[in-house]
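Q: File run.csv follows (CSV, C-alpha atoms):
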```csv
chain,number,residue,atom,x,y,z
A,1,MET,CA,179.5,-221.5,10.9
A,2,LYS,CA,176.6,-219.5,9.6
A,3,VAL,CA,176.2,-216.2,11.5
A,4,GLY,CA,173.1,-214.2,11.0
A,5,VAL,CA,173.2,-210.4,11.2
A,6,VAL,CA,169.8,-208.8,11.8
A,7,THR,CA,168.9,-205.6,10.0
A,8,PHE,CA,166.3,-203.4,11.7
A,9,PRO,CA,165.0,-200.1,10.3
A,10,GLY,CA,167.7,-197.8,11.4
A,11,SER,CA,170.5,-200.3,11.9
A,12,LEU,CA,173.8,-198.7,10.9
A,13,ASP,CA,176.5,-201.3,11.5
A,14,ASP,CA,174.9,-204.4,10.0
A,15,VAL,CA,177.1,-204.4,6.9
A,16,ASP,CA,180.3,-203.9,9.0
A,17,ALA,CA,179.1,-206.7,11.2
A,18,GLN,CA,178.7,-209.0,8.2
A,19,ARG,CA,182.2,-208.1,7.0
A,20,ALA,CA,183.6,-208.8,10.5
A,21,VAL,CA,181.8,-212.2,10.5
A,22,ARG,CA,183.5,-213.1,7.2
A,23,LEU,CA,186.9,-211.9,8.4
A,24,GLY,CA,186.3,-214.1,11.4
A,25,GLY,CA,186.1,-217.1,9.1
A,26,HIS,CA,182.3,-217.5,8.9
A,27,GLU,CA,179.5,-217.2,6.5
A,28,ALA,CA,177.4,-214.0,7.1
A,29,VAL,CA,173.7,-214.4,6.6
A,30,ALA,CA,171.5,-211.2,6.3
A,31,LEU,CA,168.4,-211.5,8.5
A,32,TRP,CA,165.5,-209.1,8.3
A,33,HIS,CA,163.6,-207.8,11.3
A,34,GLY,CA,160.2,-208.4,9.8
A,35,ASP,CA,160.8,-212.2,9.1
A,36,HIS,CA,159.9,-215.0,11.5
A,37,ASP,CA,163.0,-216.8,10.2
A,38,LEU,CA,166.6,-217.3,11.2
A,39,ARG,CA,167.5,-219.0,7.9
A,40,GLY,CA,169.3,-221.9,9.6
A,41,VAL,CA,172.1,-219.8,11.2
A,42,ASP,CA,174.2,-221.1,14.1
A,43,ALA,CA,174.6,-217.7,15.8
A,44,VAL,CA,173.1,-214.2,15.6
A,45,VAL,CA,174.5,-210.7,15.8
A,46,LEU,CA,172.3,-207.8,16.6
A,47,PRO,CA,174.2,-204.8,15.2
A,48,GLY,CA,174.6,-201.2,16.3
A,49,GLY,CA,172.6,-198.2,15.1
A,50,PHE,CA,169.4,-196.4,16.0
A,51,SER,CA,166.7,-199.0,15.3
A,52,TYR,CA,163.2,-197.5,15.0
A,53,GLY,CA,164.9,-194.1,15.5
A,54,ASP,CA,165.4,-194.9,19.2
A,55,TYR,CA,161.8,-194.0,19.7
A,56,LEU,CA,160.2,-194.6,23.1
A,57,ARG,CA,163.5,-196.1,24.5
A,58,CYS,CA,166.6,-197.5,22.7
A,59,GLY,CA,165.7,-201.0,21.6
A,60,ALA,CA,162.1,-200.9,23.0
A,61,ILE,CA,160.4,-201.3,19.7
A,62,SER,CA,162.9,-203.6,18.1
A,63,ARG,CA,162.4,-206.0,20.9
A,64,PHE,CA,158.9,-206.8,19.5
A,65,ALA,CA,160.1,-207.1,15.9
A,66,PRO,CA,159.0,-210.5,14.4
A,67,VAL,CA,162.6,-211.9,14.1
A,68,MET,CA,163.1,-211.3,17.9
A,69,THR,CA,160.6,-214.0,18.7
A,70,GLU,CA,162.9,-216.5,17.0
A,71,VAL,CA,166.1,-214.9,18.5
A,72,VAL,CA,164.7,-215.1,22.0
A,73,GLU,CA,163.7,-218.7,21.5
A,74,ALA,CA,167.0,-219.7,19.9
A,75,ALA,CA,168.9,-218.0,22.7
A,76,GLY,CA,166.9,-220.0,25.2
A,77,ARG,CA,168.2,-223.2,23.4
A,78,GLY,CA,171.8,-222.0,23.8
A,79,MET,CA,172.4,-220.3,20.4
A,80,PRO,CA,175.2,-217.7,20.7
A,81,VAL,CA,173.8,-214.2,20.4
A,82,LEU,CA,175.9,-211.1,20.4
A,83,GLY,CA,174.3,-207.6,20.7
A,84,ILE,CA,176.6,-204.7,19.9
A,85,CYS,CA,175.6,-201.2,21.2
A,86,ASN,CA,172.0,-200.8,20.0
A,87,GLY,CA,172.0,-204.6,19.9
A,88,PHE,CA,173.0,-204.6,23.6
A,89,GLN,CA,170.1,-202.3,24.3
A,90,ILE,CA,167.7,-204.6,22.4
A,91,LEU,CA,168.9,-207.6,24.4
A,92,CYS,CA,168.3,-205.8,27.7
A,93,GLU,CA,164.8,-204.7,26.5
A,94,SER,CA,164.2,-208.3,25.5
A,95,HIS,CA,165.1,-209.4,29.1
A,96,LEU,CA,167.7,-211.7,27.5
A,97,LEU,CA,170.3,-209.7,29.6
A,98,PRO,CA,169.8,-208.1,33.0
A,99,GLY,CA,170.0,-204.3,33.5
A,100,ALA,CA,169.4,-201.4,31.1
A,101,LEU,CA,171.3,-198.7,29.3
A,102,ILE,CA,170.6,-195.1,29.9
A,103,ARG,CA,171.9,-191.8,28.5
A,104,ASN,CA,175.6,-191.1,29.2
A,105,ASP,CA,176.1,-189.3,32.5
A,106,HIS,CA,178.0,-186.5,30.9
A,107,ARG,CA,175.1,-186.1,28.3
A,108,LYS,CA,177.3,-186.1,25.3
A,109,PHE,CA,177.8,-188.6,22.5
A,110,VAL,CA,181.1,-190.3,23.0
A,111,CYS,CA,183.2,-191.6,20.1
A,112,ARG,CA,186.7,-192.8,20.8
A,113,ASP,CA,189.2,-195.7,20.9
A,114,GLN,CA,188.5,-197.3,24.2
A,115,ARG,CA,190.7,-199.5,26.3
A,116,LEU,CA,188.9,-202.5,27.7
A,117,ARG,CA,189.7,-205.5,29.8
A,118,ILE,CA,188.1,-208.9,28.8
A,119,ASP,CA,186.9,-210.2,32.2
A,120,ASN,CA,185.3,-213.4,30.9
A,121,ALA,CA,187.1,-215.3,28.2
A,122,SER,CA,184.9,-218.4,28.4
A,123,THR,CA,181.8,-217.2,26.4
A,124,PRO,CA,181.4,-218.3,22.8
A,125,TRP,CA,182.1,-214.7,21.8
A,126,THR,CA,185.3,-214.1,23.9
A,127,SER,CA,187.1,-217.4,23.9
A,128,SER,CA,189.8,-216.2,21.5
A,129,TYR,CA,190.9,-213.8,24.2
A,130,ALA,CA,192.8,-214.5,27.4
A,131,GLU,CA,191.1,-213.7,30.7
A,132,GLY,CA,192.2,-210.2,31.7
A,133,GLN,CA,193.5,-209.3,28.3
A,134,GLU,CA,193.5,-205.6,27.5
A,135,VAL,CA,192.3,-204.6,24.1
A,136,THR,CA,191.4,-201.3,22.3
A,137,ILE,CA,188.0,-201.2,20.6
A,138,VAL,CA,186.0,-198.3,19.2
A,139,LEU,CA,183.2,-197.0,21.4
A,140,LYS,CA,180.5,-194.7,20.1
A,141,ASN,CA,177.3,-194.2,22.0
A,142,GLY,CA,174.9,-191.6,23.4
A,143,GLU,CA,173.0,-194.0,25.7
A,144,GLY,CA,175.7,-196.4,26.9
A,145,GLY,CA,175.4,-196.1,30.7
A,146,TYR,CA,174.9,-199.6,32.0
A,147,VAL,CA,172.7,-199.7,35.1
A,148,ALA,CA,171.2,-202.4,37.3
A,149,ASP,CA,170.3,-202.6,41.0
A,150,ALA,CA,173.2,-203.5,43.4
A,151,ALA,CA,172.0,-207.1,44.0
A,152,THR,CA,172.1,-207.7,40.2
A,153,LEU,CA,175.5,-206.1,39.8
A,154,ASP,CA,176.8,-208.3,42.7
A,155,ARG,CA,175.4,-211.4,41.1
A,156,LEU,CA,176.9,-210.5,37.6
A,157,GLU,CA,180.3,-210.0,39.2
A,158,GLY,CA,180.0,-213.1,41.4
A,159,GLU,CA,179.0,-215.3,38.5
A,160,GLY,CA,181.5,-214.0,36.0
A,161,GLN,CA,178.8,-212.4,33.9
A,162,VAL,CA,180.8,-209.2,33.4
A,163,VAL,CA,182.4,-209.9,30.1
A,164,ALA,CA,184.3,-206.6,29.6
A,165,ARG,CA,185.1,-203.5,31.6
A,166,TYR,CA,186.2,-200.0,30.7
A,167,LEU,CA,189.8,-199.1,31.6
A,168,GLY,CA,190.9,-195.6,32.3
A,169,ASP,CA,188.2,-192.9,32.5
A,170,ASN,CA,184.6,-194.3,32.5
A,171,PRO,CA,183.3,-193.1,29.2
A,172,ASN,CA,179.6,-193.1,29.9
A,173,GLY,CA,178.8,-193.5,33.6
A,174,SER,CA,178.3,-197.3,33.4
A,175,MET,CA,178.0,-198.8,36.9
A,176,ARG,CA,181.2,-200.6,38.0
A,177,ASP,CA,182.8,-199.7,34.6
A,178,ILE,CA,180.8,-202.5,32.9
A,179,ALA,CA,181.2,-202.5,29.1
A,180,GLY,CA,179.6,-205.9,28.4
A,181,VAL,CA,177.7,-208.6,30.2
A,182,SER,CA,176.4,-212.1,29.5
A,183,ASN,CA,173.4,-214.1,30.5
A,184,GLU,CA,173.8,-216.9,33.1
A,185,ARG,CA,174.5,-219.5,30.5
A,186,GLY,CA,177.0,-217.3,28.8
A,187,ASN,CA,175.7,-217.7,25.2
A,188,VAL,CA,174.1,-214.3,25.1
A,189,VAL,CA,176.6,-211.4,25.3
A,190,GLY,CA,175.9,-207.6,25.1
A,191,LEU,CA,178.7,-205.2,24.5
A,192,MET,CA,178.6,-201.4,24.2
A,193,PRO,CA,181.9,-201.0,22.2
A,194,HIS,CA,182.0,-202.0,18.6
A,195,PRO,CA,184.4,-204.9,17.8
A,196,GLU,CA,183.2,-205.0,14.2
A,197,HIS,CA,184.9,-201.6,13.7
A,198,ALA,CA,188.2,-203.0,14.9
A,199,VAL,CA,188.9,-205.9,12.6
A,200,GLU,CA,191.2,-204.4,10.0
A,201,GLU,CA,194.4,-202.3,10.2
A,202,LEU,CA,193.3,-200.0,7.3
A,203,THR,CA,190.3,-198.6,9.3
A,204,GLY,CA,189.9,-198.1,13.0
A,205,ALA,CA,192.1,-198.7,16.0
A,206,GLY,CA,193.7,-202.0,15.0
A,207,THR,CA,192.3,-205.5,15.0
A,208,ASP,CA,191.6,-206.2,18.6
A,209,GLY,CA,187.9,-206.7,17.9
A,210,LEU,CA,188.4,-209.6,15.6
A,211,GLY,CA,188.5,-212.0,18.5
A,212,PHE,CA,184.7,-211.6,19.0
A,213,PHE,CA,184.2,-213.1,15.6
A,214,THR,CA,186.9,-215.8,15.7
A,215,SER,CA,185.8,-217.0,19.1
A,216,LEU,CA,182.8,-218.7,17.6
A,217,ALA,CA,184.9,-221.3,15.8
A,218,ALA,CA,187.0,-221.9,18.9
A,219,ALA,CA,183.8,-222.4,20.9
A,220,ALA,CA,182.4,-224.7,18.3
A,221,PHE,CA,185.4,-227.0,18.4
A,222,ALA,CA,186.0,-226.8,22.1
B,1,MET,CA,136.7,-189.7,23.5
B,2,PRO,CA,137.8,-191.1,26.9
B,3,LYS,CA,141.4,-190.8,27.7
B,4,VAL,CA,143.7,-192.8,29.9
B,5,VAL,CA,147.0,-191.2,30.9
B,6,VAL,CA,150.2,-193.1,31.7
B,7,ASP,CA,153.0,-191.2,33.4
B,8,VAL,CA,156.4,-192.8,33.2
B,9,MET,CA,159.3,-191.5,35.4
B,10,PRO,CA,162.9,-192.6,35.9
B,11,LYS,CA,163.2,-194.5,39.2
B,12,PRO,CA,164.5,-192.2,42.0
B,13,GLU,CA,167.8,-194.1,42.2
B,14,ILE,CA,168.4,-193.9,38.5
B,15,LEU,CA,170.5,-191.0,37.2
B,16,ASP,CA,168.4,-188.7,34.9
B,17,PRO,CA,170.9,-186.8,32.7
B,18,GLN,CA,168.1,-185.0,30.8
B,19,GLY,CA,166.6,-183.7,34.1
B,20,LYS,CA,170.1,-182.6,35.1
B,21,ALA,CA,170.5,-180.7,31.9
B,22,VAL,CA,167.2,-178.8,32.5
B,23,LEU,CA,168.2,-178.1,36.1
B,24,GLY,CA,171.5,-176.6,34.8
B,25,ALA,CA,169.7,-174.5,32.2
B,26,LEU,CA,167.2,-172.9,34.5
B,27,PRO,CA,169.5,-170.6,36.6
B,28,ARG,CA,171.3,-169.6,33.4
B,29,LEU,CA,167.9,-168.2,32.3
B,30,GLY,CA,167.3,-166.4,35.6
B,31,PHE,CA,164.9,-169.0,37.1
B,32,GLY,CA,166.2,-169.6,40.6
B,33,GLY,CA,165.0,-171.7,43.5
B,34,VAL,CA,164.6,-175.0,41.7
B,35,LEU,CA,166.4,-177.8,43.6
B,36,ASP,CA,166.0,-180.7,41.3
B,37,VAL,CA,164.4,-181.7,38.0
B,38,ARG,CA,163.3,-185.2,36.9
B,39,GLN,CA,162.2,-185.6,33.3
B,40,GLY,CA,159.6,-188.3,32.4
B,41,LYS,CA,157.2,-189.2,29.7
B,42,ARG,CA,153.4,-188.8,29.5
B,43,PHE,CA,151.3,-191.0,27.2
B,44,GLU,CA,147.7,-190.1,26.5
B,45,LEU,CA,145.7,-193.0,25.2
B,46,GLU,CA,142.4,-192.5,23.6
B,47,VAL,CA,140.3,-195.6,24.2
B,48,GLU,CA,137.1,-197.0,22.8
B,49,GLY,CA,134.0,-197.0,25.0
B,50,GLU,CA,133.8,-196.6,28.8
B,51,VAL,CA,137.0,-196.6,30.9
B,52,THR,CA,136.2,-199.7,32.9
B,53,ASP,CA,138.5,-201.5,35.4
B,54,GLU,CA,139.2,-204.0,32.7
B,55,VAL,CA,140.4,-201.2,30.3
B,56,LEU,CA,142.6,-199.8,33.1
B,57,GLN,CA,144.0,-203.3,33.7
B,58,ARG,CA,144.9,-203.6,30.0
B,59,VAL,CA,146.5,-200.1,30.0
B,60,HIS,CA,148.5,-201.3,33.1
B,61,GLU,CA,149.7,-204.2,31.0
B,62,MET,CA,150.6,-201.9,28.1
B,63,ALA,CA,152.6,-199.7,30.5
B,64,GLU,CA,154.5,-202.7,31.9
B,65,THR,CA,155.2,-204.3,28.6
B,66,LEU,CA,156.0,-201.4,26.3
B,67,LEU,CA,155.5,-197.9,27.6
B,68,SER,CA,158.0,-198.3,30.5
B,69,ASN,CA,161.0,-200.4,31.2
B,70,PRO,CA,160.5,-201.6,34.8
B,71,VAL,CA,164.2,-201.9,35.3
B,72,ILE,CA,164.7,-198.2,35.2
B,73,GLU,CA,161.3,-196.6,35.3
B,74,ASP,CA,158.1,-196.4,37.4
B,75,PHE,CA,154.7,-195.6,36.0
B,76,THR,CA,151.2,-194.5,37.1
B,77,VAL,CA,147.9,-194.9,35.2
B,78,HIS,CA,145.0,-192.6,35.7
B,79,VAL,CA,141.8,-191.5,33.8
B,80,GLY,CA,142.3,-188.2,32.1
B,81,GLU,CA,139.9,-185.6,31.0
B,82,ALA,CA,138.0,-186.1,27.8
B,83,VAL,CA,140.2,-185.2,24.9
B,84,ALA,CA,139.6,-181.5,24.2
B,85,GLU,CA,138.2,-180.1,21.0
B,86,GLU,CA,140.7,-178.1,18.8
B,87,PRO,CA,141.9,-175.3,21.1
B,88,GLU,CA,140.6,-171.9,20.2
B,89,VAL,CA,143.3,-169.8,18.7
B,90,ARG,CA,143.2,-166.2,19.9
B,91,ALA,CA,144.7,-163.4,17.9
```
Output the file's structure as structure tokens, nothing else.

A:
Amino acid sequence: MKVGVVTFPGSLDDVDAQRAVRLGGHEAVALWHGDHDLRGVDAVVLPGGFSYGDYLRCGAISRFAPVMTEVVEAAGRGMPVLGICNGFQILCESHLLPGALIRNDHRKFVCRDQRLRIDNASTPWTSSYAEGQEVTIVLKNGEGGYVADAATLDRLEGEGQVVARYLGDNPNGSMRDIAGVSNERGNVVGLMPHPEHAVEELTGAGTDGLGFFTSLAAAAFA
Amino acid sequence: MPKVVVDVMPKPEILDPQGKAVLGALPRLGFGGVLDVRQGKRFELEVEGEVTDEVLQRVHEMAETLLSNPVIEDFTVHVGEAVAEEPEVRA
């Protein structure tokens, strides 16, 4: 599959995401925030970083980048879209995902190897995992507290839209320990931890993150 | 130049870690008696021509679309005072 990785001004993890896409067995296609063009990709990753310097709110300016018009439209047609960290924030600001991400409750930047449980293994980004599988993936964020009103949280839990949860100490004050959510259809997934940093033994905390990038193939042939 | 002001505040039920940090700093500096602090944002928009209802409606749309995130923030729009001249610097 061809997987596009969008680079915004201030994206940090776009090159790592491209590498993870290739290790997952796909072709990585660099996409530019200023283009109204997805270059024929089959899926899109919005990478981590500090797009537009996090000015106004994290993801608030990126949401209106030209490429996002095409991403929102493609997501509506069912194209798999994964937002990691800043990408998750952009997806929430774009209203592709419910809720929002606010500053960590303890007010410090957090950077650690984080235990997670995959709660929904039926999305195109998580089908390589088993439901309930526990994994360790790098987490690094300053504004990773997931918030939504109680009715939305109940709906997310009831409909299986909580994709991953933090295990152990809640690292950032996210409501109900939510680390990642999907849209109703399941094709759009936002995740605060960084699976693209956990794809090789040489660097990071093992290879538990690779599943997010191999899942696409499994989903395509399902 | 006429000015329209948009004040954006975190919703009351949303945790405000920045406000909490300020609240924690005040007593350390000897400022007592403050029970809570909420930190928001203020936008001052200089607009062309008269501030008509139509202009205020457009600013309302700007606030809803870009300046605030309605999931976590509330906003108010009001007409501000004319933008001041350069403030006089006193020695």

Q: Tell me which of A:Leu156, A:Ala205, A:Val163, A:Cys58 sits closest to Arg117 in chain A, counting only C-alpha atoms.

A: A:Val163

Q: Compute the chain A side of the contact with chain B at 12 Å, counting all atoms listed in the file, and hand it back as number ranges by chain.

A: A: 55-64, 89-90, 92-95, 97-108, 142-143, 145-150, 152, 172-175

Q: Which value, in Å to one decimal, gives the distance between CA of Gly186 in chain A and CA of Val29 in chain A?

A: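 One can read the CA of Gly186 in chain A to CA of Val29 in chain A distance as 22.6 Å.
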
Q: Counting only C-alpha atoms, note down every residue that has an atom within 8 Å of the point (193.2, -206.3, 18.8) (file coordinates), as a PyMOL selection string.

A: chain A and resi 135-137+198-199+206-211

Q: For those residues, write C-alpha atoms to a file as a short mmCIF file (atom, residue, chain, number, x, y, z; two decimals), in the coordinates of the input.

A:
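Saved result, out_37.cif, follows:
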```
data_model
loop_
_atom_site.label_atom_id
_atom_site.label_comp_id
_atom_site.auth_asym_id
_atom_site.auth_seq_id
_atom_site.Cartn_x
_atom_site.Cartn_y
_atom_site.Cartn_z
CA VAL A 135 192.30 -204.60 24.10
CA THR A 136 191.40 -201.30 22.30
CA ILE A 137 188.00 -201.20 20.60
CA ALA A 198 188.20 -203.00 14.90
CA VAL A 199 188.90 -205.90 12.60
CA GLY A 206 193.70 -202.00 15.00
CA THR A 207 192.30 -205.50 15.00
CA ASP A 208 191.60 -206.20 18.60
CA GLY A 209 187.90 -206.70 17.90
CA LEU A 210 188.40 -209.60 15.60
CA GLY A 211 188.50 -212.00 18.50
#
```

Q: Could you tell me how far CA of Leu45 in chain B lies from CA of Pro2 in chain B, in Å and to one decimal?

A: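 Separating CA of Leu45 in chain B from CA of Pro2 in chain B is a distance of 8.3 Å.
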
Q: Between CA of Gly24 in chain B and CA of Val37 in chain B, measure the distance and give it in Å to one decimal.

A: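 So the two atoms, CA of Gly24 in chain B and CA of Val37 in chain B, lie 9.3 Å apart.
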
Q: Excluding same-chain residues fewer than 2 positions from Met9 in chain B, what lies within 7 Å of it counting all atoms listed in the file, as a PDB file with C-alpha atoms, in the coordinates of the input?

A:
```
ATOM      1  CA  ASP B   7     153.000-191.200  33.400  1.00  0.00           C
ATOM      2  CA  LYS B  11     163.200-194.500  39.200  1.00  0.00           C
ATOM      3  CA  GLN B  39     162.200-185.600  33.300  1.00  0.00           C
ATOM      4  CA  GLY B  40     159.600-188.300  32.400  1.00  0.00           C
ATOM      5  CA  LYS B  41     157.200-189.200  29.700  1.00  0.00           C
ATOM      6  CA  GLU B  73     161.300-196.600  35.300  1.00  0.00           C
ATOM      7  CA  ASP B  74     158.100-196.400  37.400  1.00  0.00           C
ATOM      8  CA  PHE B  75     154.700-195.600  36.000  1.00  0.00           C
TER       9      PHE B  75
END
```
